[in-house]
file coords_26.txt (compact mmCIF, C-alpha atoms)
# COMPACT_ATOMS: atom_id res chain seq x y z
CA MET A 1 -11.64 -1.88 16.40
CA PRO A 2 -14.08 -0.34 13.91
CA ASN A 3 -15.13 -2.50 10.97
CA TYR A 4 -13.39 -0.59 8.19
CA ALA A 5 -14.35 -3.16 5.56
CA LEU A 6 -18.03 -2.61 6.38
CA GLU A 7 -17.54 1.17 6.32
CA LEU A 8 -16.10 0.91 2.82
CA THR A 9 -18.98 -1.27 1.63
CA LYS A 10 -21.52 1.26 2.94
CA LEU A 11 -19.64 4.15 1.31
CA ILE A 12 -19.57 2.36 -2.05
CA ASP A 13 -23.28 1.48 -1.79
CA ALA A 14 -24.04 5.17 -1.24
CA LEU A 15 -22.12 6.42 -4.31
CA PRO A 16 -24.35 8.37 -6.72
CA GLN A 17 -25.51 6.41 -9.75
CA GLY A 18 -23.94 7.51 -13.02
CA HIS A 19 -20.90 9.11 -11.37
CA THR A 20 -17.46 7.50 -11.21
CA PRO A 21 -15.40 9.11 -8.42
CA ARG A 22 -11.65 9.60 -8.89
CA LEU A 23 -9.48 7.73 -6.42
CA LEU A 24 -5.78 8.17 -5.72
CA LEU A 25 -4.62 4.78 -4.49
CA HIS A 26 -1.23 4.59 -2.82
CA SER A 27 0.31 1.21 -3.64
CA CYS A 28 3.24 -0.52 -1.98
CA CYS A 29 3.64 -3.27 -4.60
CA ALA A 30 1.85 -5.12 -7.38
CA PRO A 31 0.81 -8.19 -5.34
CA CYS A 32 -0.80 -6.09 -2.60
CA SER A 33 -2.55 -3.89 -5.15
CA SER A 34 -3.92 -6.75 -7.25
CA ALA A 35 -7.08 -7.63 -5.34
CA VAL A 36 -7.59 -4.00 -4.34
CA LEU A 37 -7.54 -2.84 -7.95
CA GLU A 38 -9.80 -5.67 -9.05
CA TYR A 39 -12.36 -4.64 -6.43
CA LEU A 40 -12.18 -0.85 -6.44
CA SER A 41 -11.96 -0.41 -10.22
CA GLN A 42 -15.58 -1.53 -10.39
CA TYR A 43 -16.56 1.75 -8.71
CA PHE A 44 -13.71 4.25 -9.11
CA SER A 45 -11.46 5.71 -11.76
CA ILE A 46 -8.10 4.95 -10.15
CA THR A 47 -4.65 6.48 -10.27
CA VAL A 48 -2.07 4.22 -8.68
CA ASP A 49 0.24 6.44 -6.65
CA TYR A 50 3.57 4.66 -6.35
CA TYR A 51 5.45 6.54 -3.64
CA ASN A 52 7.72 4.29 -1.59
CA PRO A 53 11.05 5.90 -0.61
CA ASN A 54 11.39 3.21 2.08
CA ILE A 55 12.21 0.51 -0.47
CA SER A 56 15.86 -0.46 -0.68
CA PRO A 57 18.04 -0.96 -2.65
CA ARG A 58 17.23 0.90 -5.86
CA ALA A 59 17.21 -2.34 -7.87
CA GLU A 60 14.46 -3.69 -5.60
CA TYR A 61 12.51 -0.44 -5.98
CA GLU A 62 12.76 -0.51 -9.77
CA LYS A 63 11.72 -4.15 -9.90
CA ARG A 64 8.59 -3.39 -7.92
CA VAL A 65 7.77 -0.38 -10.11
CA ALA A 66 8.04 -2.52 -13.24
CA GLU A 67 5.76 -5.18 -11.74
CA GLN A 68 3.19 -2.55 -10.76
CA LYS A 69 3.09 -1.19 -14.29
CA ARG A 70 2.86 -4.69 -15.77
CA LEU A 71 -0.09 -5.60 -13.54
CA ILE A 72 -1.98 -2.44 -14.52
CA GLU A 73 -1.56 -3.34 -18.19
CA LEU A 74 -2.74 -6.93 -17.69
CA LEU A 75 -5.60 -6.56 -15.20
CA PRO A 76 -9.07 -6.35 -16.78
CA THR A 77 -11.03 -3.52 -15.17
CA ARG A 78 -14.35 -1.77 -15.57
CA HIS A 79 -12.89 1.72 -15.16
CA PRO A 80 -9.47 2.98 -16.26
CA ILE A 81 -6.35 2.72 -14.11
CA THR A 82 -3.43 5.11 -14.57
CA PHE A 83 0.00 5.11 -12.98
CA LEU A 84 1.81 7.91 -11.15
CA GLU A 85 5.31 7.43 -9.78
CA GLY A 86 6.42 9.64 -6.89
CA GLU A 87 9.95 10.78 -6.21
CA TYR A 88 12.32 8.06 -5.08
CA ASP A 89 14.24 9.70 -2.24
CA PRO A 90 15.32 6.99 0.23
CA GLN A 91 17.04 9.57 2.43
CA ARG A 92 13.63 10.86 3.51
CA PHE A 93 12.80 7.47 4.95
CA LEU A 94 16.23 7.05 6.56
CA ASP A 95 15.88 10.46 8.23
CA LEU A 96 12.51 9.63 9.80
CA ALA A 97 13.78 6.21 10.90
CA ARG A 98 16.82 7.64 12.69
CA GLY A 99 16.89 6.34 16.27
CA LEU A 100 14.38 3.60 15.45
CA GLU A 101 16.72 1.35 13.51
CA ASN A 102 16.26 -1.51 15.99
CA CYS A 103 12.52 -1.03 16.42
CA PRO A 104 10.65 -4.30 15.73
CA GLU A 105 8.71 -4.58 12.50
CA GLY A 106 5.22 -3.17 12.98
CA GLY A 107 6.25 -0.57 15.57
CA GLU A 108 6.84 3.17 15.62
CA ARG A 109 9.25 3.16 12.67
CA CYS A 110 6.54 1.60 10.52
CA PHE A 111 3.96 4.09 11.76
CA ARG A 112 6.20 6.96 10.67
CA CYS A 113 6.62 5.30 7.31
CA TYR A 114 2.83 4.97 6.96
CA ARG A 115 2.45 8.69 7.60
CA LEU A 116 5.21 9.65 5.19
CA ARG A 117 3.61 7.80 2.31
CA LEU A 118 0.01 8.67 3.13
CA SER A 119 0.90 12.35 3.56
CA GLN A 120 2.24 12.41 0.04
CA ALA A 121 -0.90 10.65 -1.22
CA ALA A 122 -3.21 13.12 0.53
CA ARG A 123 -1.24 16.08 -0.81
CA THR A 124 -1.28 14.69 -4.35
CA ALA A 125 -5.00 13.93 -4.12
CA GLN A 126 -5.73 17.47 -2.98
CA GLN A 127 -3.62 19.03 -5.71
CA GLY A 128 -5.10 16.77 -8.38
CA GLY A 129 -8.71 17.30 -7.37
CA TYR A 130 -9.37 13.66 -6.54
CA ASP A 131 -12.53 12.65 -4.69
CA TYR A 132 -10.75 10.15 -2.42
CA PHE A 133 -7.38 8.77 -1.44
CA THR A 134 -6.42 5.54 0.30
CA THR A 135 -3.70 2.86 0.42
CA THR A 136 -3.29 -0.82 -0.41
CA LEU A 137 -1.31 -1.36 2.81
CA THR A 138 -4.31 -2.65 4.78
CA ILE A 139 -4.40 -5.82 2.67
CA SER A 140 -1.34 -7.16 4.48
CA PRO A 141 -1.88 -9.19 7.66
CA LEU A 142 1.41 -7.66 8.87
CA LYS A 143 0.21 -4.06 8.61
CA ASN A 144 -1.80 -2.24 11.28
CA ALA A 145 -5.13 -1.41 9.63
CA GLU A 146 -6.37 0.60 12.60
CA LYS A 147 -3.28 2.82 12.57
CA LEU A 148 -3.44 3.27 8.81
CA ASN A 149 -7.08 4.35 8.95
CA GLN A 150 -6.35 6.67 11.87
CA ILE A 151 -3.54 8.36 9.96
CA GLY A 152 -5.63 8.52 6.81
CA ARG A 153 -8.47 10.29 8.58
CA GLU A 154 -6.12 12.77 10.24
CA LEU A 155 -4.62 13.63 6.86
CA ALA A 156 -8.09 13.88 5.29
CA GLU A 157 -8.87 16.71 7.71
CA GLU A 158 -5.50 18.35 7.14
CA TYR A 159 -5.70 18.30 3.34
CA GLN A 160 -9.48 18.49 2.96
CA VAL A 161 -9.79 15.44 0.74
CA ALA A 162 -11.84 12.37 1.66
CA PHE A 163 -10.09 9.22 2.88
CA LEU A 164 -11.48 5.86 1.80
CA PRO A 165 -11.60 3.59 4.88
CA SER A 166 -10.39 0.05 4.33
CA ASP A 167 -9.28 -3.27 5.68
CA PHE A 168 -8.65 -4.94 2.35
CA LYS A 169 -7.45 -8.24 3.84
CA LYS A 170 -11.02 -8.89 5.03
CA LYS A 171 -13.59 -10.68 2.86
CA ASN A 172 -10.80 -12.92 1.52
CA GLY A 173 -8.96 -9.92 0.11
CA TYR A 174 -5.52 -11.17 1.10
CA LYS A 175 -6.34 -14.65 -0.20
CA ARG A 176 -7.47 -13.15 -3.51
CA SER A 177 -4.24 -11.16 -3.79
CA ILE A 178 -2.26 -14.40 -3.54
CA GLU A 179 -4.44 -16.01 -6.23
CA LEU A 180 -3.97 -13.05 -8.57
CA SER A 181 -0.24 -12.98 -7.90
CA ARG A 182 -0.05 -16.59 -9.06
CA GLU A 183 -2.33 -15.97 -12.04
CA TYR A 184 -0.18 -13.08 -13.30
CA ASP A 185 3.10 -14.55 -12.06
CA LEU A 186 3.84 -11.44 -9.99
CA TYR A 187 7.10 -10.98 -8.16
CA ARG A 188 6.32 -11.44 -4.45
CA GLN A 189 9.09 -10.17 -2.19
CA ASP A 190 9.61 -11.75 1.23
CA PHE A 191 10.27 -8.51 3.11
CA CYS A 192 8.38 -5.24 3.46
CA GLY A 193 10.87 -3.16 1.53
CA CYS A 194 13.14 -1.16 3.80
CA VAL A 195 16.69 -2.05 4.77
CA TYR A 196 15.58 -2.79 8.34
CA SER A 197 12.80 -5.19 7.35
CA ARG A 198 15.21 -6.94 5.01
CA ALA A 199 17.76 -7.39 7.77
CA GLU A 200 15.06 -8.73 10.11
CA ARG A 201 13.89 -11.18 7.45
CA GLU A 202 17.44 -12.40 6.87
CA ARG A 203 17.86 -12.97 10.63
CA GLN A 204 14.64 -14.99 10.67
CA LYS A 205 15.85 -17.12 7.76
CA ALA A 206 19.16 -17.75 9.48
CA GLN A 207 17.38 -18.81 12.67
CA GLN A 208 15.13 -21.16 10.72
CA GLU A 209 18.10 -22.73 8.99
CA GLN A 210 19.88 -23.12 12.33
CA ALA A 211 16.82 -24.81 13.83
CA LYS A 212 16.81 -27.39 11.03
CA ARG A 213 20.34 -28.55 11.87
call {"tool": "encode", "arguments": {"input": "coords_26.txt", "output": "structure tokens"}}
result
Amino acid sequence: MPNYALELTKLIDALPQGHTPRLLLHSCCAPCSSAVLEYLSQYFSITVDYYNPNISPRAEYEKRVAEQKRLIELLPTRHPITFLEGEYDPQRFLDLARGLENCPEGGERCFRCYRLRLSQAARTAQQGGYDYFTTTLTISPLKNAEKLNQIGRELAEEYQVAFLPSDFKKKNGYKRSIELSREYDLYRQDFCGCVYSRAERERQKAQQEQAKR
């Protein structure tokens, strides 16, 4: 697999002096965005693009939105961070997941969800005249960084806006996100967000409880 973390480092090192590029950063939640924002805000003017129609129920979605906004207000950064909330339309996710309800976490259903959210980010970046777009999703050890970068590059060609390669969990990125989550007392959910991941997590908990008996 390509070294996406190294690619990002080289890209940042090559940025012109005196110019702060504009980055549209798709975020899935405050904890995952924490270390990413801390790092990238040194080099980019960032708009956090919160588009996650996969999250269910609405109360969970709204809780994550509030935490994302709170983190942006609290996090000290070199360059400004703004917030943009996309449309919350869970039916879009349910439609693309039809027939894949029983697909294991990390499979084709997740890949479709990646594309749904990254497509919106690429479109928004193009329309807003951003220099780059990318996603915080690669910070999670449970997300497929290679697939995310593949989709991002395909969409970069389609929408003619540059994709920022990443594998944010590398270089202790995931570890740092946990540290920042504790520092800012961020709400850390124990499932990805969708109704299917929640059901799978509840099954795992039940099995763990059964094993203890």
call {"tool": "closest_residue", "arguments": {"input": "coords_26.txt", "among": "A:His19, A:Lys175, A:Phe168, A:Glu200", "to": "Leu6 of chain A", "atoms": "all atoms listed in the file"}}
result
A:Phe168
call {"tool": "residues_near_point", "arguments": {"input": "coords_26.txt", "point": "(-2.7, -11.4, -3.7)", "cutoff": "12 Å", "atoms": "only C-alpha atoms", "output": "number ranges by chain"}}
result
A: 29-38, 71, 136, 139-141, 168-169, 172-189
call {"tool": "closest_residue", "arguments": {"input": "coords_26.txt", "among": "A:Tyr196, A:Phe191, A:Phe83, A:Phe133", "to": "Asn102 of chain A", "atoms": "only C-alpha atoms"}}
result
A:Tyr196
call {"tool": "atom_distance", "arguments": {"input": "coords_26.txt", "atom1": "atom CA of Gly99 of chain A", "atom2": "atom CA of Gln120 of chain A"}}
result
22.7 Å
call {"tool": "atom_distance", "arguments": {"input": "coords_26.txt", "atom1": "atom CA of Leu155 of chain A", "atom2": "atom CA of Leu118 of chain A"}}
result
7.7 Å
call {"tool": "residues_around", "arguments": {"input": "coords_26.txt", "residues": "segment 103-113 of chain A", "least_positions_apart": "6", "cutoff": "9 Å", "atoms": "only C-alpha atoms", "output": "PyMOL selection string"}}
result
chain A and resi 54+93+96-97+142-144+147-148+151+196-197+200
call {"tool": "closest_residue", "arguments": {"input": "coords_26.txt", "among": "A:Phe44, A:Thr135, A:Asp13, A:Arg198", "to": "Thr77 of chain A", "atoms": "only C-alpha atoms"}}
result
A:Phe44
call {"tool": "build_atoms", "arguments": {"input": "coords_26.txt", "residues": "segment 181-203 of chain A", "atoms": "N, CA, C and O atoms", "output": "PDB file, keeping the file's coordinate frame"}}
result
ATOM      1  N   SER A 181      -1.696 -12.991  -7.749  1.00  0.00           N
ATOM      2  CA  SER A 181      -0.240 -12.980  -7.900  1.00  0.00           C
ATOM      3  C   SER A 181       0.228 -14.224  -8.645  1.00  0.00           C
ATOM      4  O   SER A 181       1.133 -14.158  -9.490  1.00  0.00           O
ATOM      5  N   ARG A 182      -0.391 -15.354  -8.346  1.00  0.00           N
ATOM      6  CA  ARG A 182      -0.050 -16.590  -9.060  1.00  0.00           C
ATOM      7  C   ARG A 182      -0.543 -16.534 -10.510  1.00  0.00           C
ATOM      8  O   ARG A 182       0.158 -16.960 -11.438  1.00  0.00           O
ATOM      9  N   GLU A 183      -1.747 -16.027 -10.689  1.00  0.00           N
ATOM     10  CA  GLU A 183      -2.330 -15.970 -12.040  1.00  0.00           C
ATOM     11  C   GLU A 183      -1.473 -15.125 -12.978  1.00  0.00           C
ATOM     12  O   GLU A 183      -1.279 -15.483 -14.153  1.00  0.00           O
ATOM     13  N   TYR A 184      -0.977 -13.990 -12.470  1.00  0.00           N
ATOM     14  CA  TYR A 184      -0.180 -13.080 -13.300  1.00  0.00           C
ATOM     15  C   TYR A 184       1.325 -13.241 -13.083  1.00  0.00           C
ATOM     16  O   TYR A 184       2.103 -12.458 -13.618  1.00  0.00           O
ATOM     17  N   ASP A 185       1.700 -14.258 -12.316  1.00  0.00           N
ATOM     18  CA  ASP A 185       3.100 -14.550 -12.060  1.00  0.00           C
ATOM     19  C   ASP A 185       3.846 -13.308 -11.547  1.00  0.00           C
ATOM     20  O   ASP A 185       4.916 -12.931 -12.045  1.00  0.00           O
ATOM     21  N   LEU A 186       3.264 -12.666 -10.535  1.00  0.00           N
ATOM     22  CA  LEU A 186       3.840 -11.440  -9.990  1.00  0.00           C
ATOM     23  C   LEU A 186       5.014 -11.739  -9.054  1.00  0.00           C
ATOM     24  O   LEU A 186       4.995 -12.731  -8.321  1.00  0.00           O
ATOM     25  N   TYR A 187       5.976 -10.880  -9.086  1.00  0.00           N
ATOM     26  CA  TYR A 187       7.100 -10.980  -8.160  1.00  0.00           C
ATOM     27  C   TYR A 187       6.604 -10.658  -6.751  1.00  0.00           C
ATOM     28  O   TYR A 187       6.115  -9.567  -6.486  1.00  0.00           O
ATOM     29  N   ARG A 188       6.730 -11.629  -5.849  1.00  0.00           N
ATOM     30  CA  ARG A 188       6.320 -11.440  -4.450  1.00  0.00           C
ATOM     31  C   ARG A 188       7.566 -11.462  -3.573  1.00  0.00           C
ATOM     32  O   ARG A 188       8.205 -12.501  -3.397  1.00  0.00           O
ATOM     33  N   GLN A 189       7.927 -10.309  -3.059  1.00  0.00           N
ATOM     34  CA  GLN A 189       9.090 -10.170  -2.190  1.00  0.00           C
ATOM     35  C   GLN A 189       8.793 -10.789  -0.825  1.00  0.00           C
ATOM     36  O   GLN A 189       7.633 -10.923  -0.445  1.00  0.00           O
ATOM     37  N   ASP A 190       9.830 -11.143  -0.097  1.00  0.00           N
ATOM     38  CA  ASP A 190       9.610 -11.750   1.230  1.00  0.00           C
ATOM     39  C   ASP A 190       9.991 -10.806   2.362  1.00  0.00           C
ATOM     40  O   ASP A 190      10.206 -11.231   3.487  1.00  0.00           O
ATOM     41  N   PHE A 191      10.077  -9.505   2.062  1.00  0.00           N
ATOM     42  CA  PHE A 191      10.270  -8.510   3.110  1.00  0.00           C
ATOM     43  C   PHE A 191       9.528  -7.244   2.716  1.00  0.00           C
ATOM     44  O   PHE A 191       9.220  -7.036   1.545  1.00  0.00           O
ATOM     45  N   CYS A 192       9.228  -6.411   3.689  1.00  0.00           N
ATOM     46  CA  CYS A 192       8.380  -5.240   3.460  1.00  0.00           C
ATOM     47  C   CYS A 192       8.969  -4.311   2.402  1.00  0.00           C
ATOM     48  O   CYS A 192       8.270  -3.852   1.520  1.00  0.00           O
ATOM     49  N   GLY A 193      10.271  -4.055   2.519  1.00  0.00           N
ATOM     50  CA  GLY A 193      10.870  -3.160   1.530  1.00  0.00           C
ATOM     51  C   GLY A 193      12.065  -2.394   2.027  1.00  0.00           C
ATOM     52  O   GLY A 193      13.008  -2.149   1.283  1.00  0.00           O
ATOM     53  N   CYS A 194      12.055  -1.998   3.293  1.00  0.00           N
ATOM     54  CA  CYS A 194      13.140  -1.160   3.800  1.00  0.00           C
ATOM     55  C   CYS A 194      14.334  -2.020   4.231  1.00  0.00           C
ATOM     56  O   CYS A 194      14.227  -3.233   4.422  1.00  0.00           O
ATOM     57  N   VAL A 195      15.455  -1.351   4.405  1.00  0.00           N
ATOM     58  CA  VAL A 195      16.690  -2.050   4.770  1.00  0.00           C
ATOM     59  C   VAL A 195      16.565  -2.755   6.109  1.00  0.00           C
ATOM     60  O   VAL A 195      17.151  -3.814   6.328  1.00  0.00           O
ATOM     61  N   TYR A 196      15.749  -2.207   7.008  1.00  0.00           N
ATOM     62  CA  TYR A 196      15.580  -2.790   8.340  1.00  0.00           C
ATOM     63  C   TYR A 196      14.712  -4.045   8.279  1.00  0.00           C
ATOM     64  O   TYR A 196      14.986  -5.038   8.958  1.00  0.00           O
ATOM     65  N   SER A 197      13.650  -3.999   7.484  1.00  0.00           N
ATOM     66  CA  SER A 197      12.800  -5.190   7.350  1.00  0.00           C
ATOM     67  C   SER A 197      13.558  -6.303   6.633  1.00  0.00           C
ATOM     68  O   SER A 197      13.371  -7.487   6.936  1.00  0.00           O
ATOM     69  N   ARG A 198      14.419  -5.922   5.703  1.00  0.00           N
ATOM     70  CA  ARG A 198      15.210  -6.940   5.010  1.00  0.00           C
ATOM     71  C   ARG A 198      16.189  -7.623   5.964  1.00  0.00           C
ATOM     72  O   ARG A 198      16.324  -8.854   5.947  1.00  0.00           O
ATOM     73  N   ALA A 199      16.829  -6.828   6.800  1.00  0.00           N
ATOM     74  CA  ALA A 199      17.760  -7.390   7.770  1.00  0.00           C
ATOM     75  C   ALA A 199      17.046  -8.313   8.752  1.00  0.00           C
ATOM     76  O   ALA A 199      17.556  -9.386   9.110  1.00  0.00           O
ATOM     77  N   GLU A 200      15.841  -7.898   9.180  1.00  0.00           N
ATOM     78  CA  GLU A 200      15.060  -8.730  10.110  1.00  0.00           C
ATOM     79  C   GLU A 200      14.657 -10.034   9.451  1.00  0.00           C
ATOM     80  O   GLU A 200      14.712 -11.102  10.072  1.00  0.00           O
ATOM     81  N   ARG A 201      14.277  -9.963   8.175  1.00  0.00           N
ATOM     82  CA  ARG A 201      13.890 -11.180   7.450  1.00  0.00           C
ATOM     83  C   ARG A 201      15.081 -12.114   7.288  1.00  0.00           C
ATOM     84  O   ARG A 201      14.949 -13.338   7.433  1.00  0.00           O
ATOM     85  N   GLU A 202      16.249 -11.566   7.019  1.00  0.00           N
ATOM     86  CA  GLU A 202      17.440 -12.400   6.870  1.00  0.00           C
ATOM     87  C   GLU A 202      17.819 -13.073   8.197  1.00  0.00           C
ATOM     88  O   GLU A 202      18.255 -14.231   8.209  1.00  0.00           O
ATOM     89  N   ARG A 203      17.613 -12.360   9.308  1.00  0.00           N
ATOM     90  CA  ARG A 203      17.860 -12.970  10.630  1.00  0.00           C
ATOM     91  C   ARG A 203      16.897 -14.127  10.873  1.00  0.00           C
ATOM     92  O   ARG A 203      17.284 -15.173  11.395  1.00  0.00           O
TER      93      ARG A 203
END
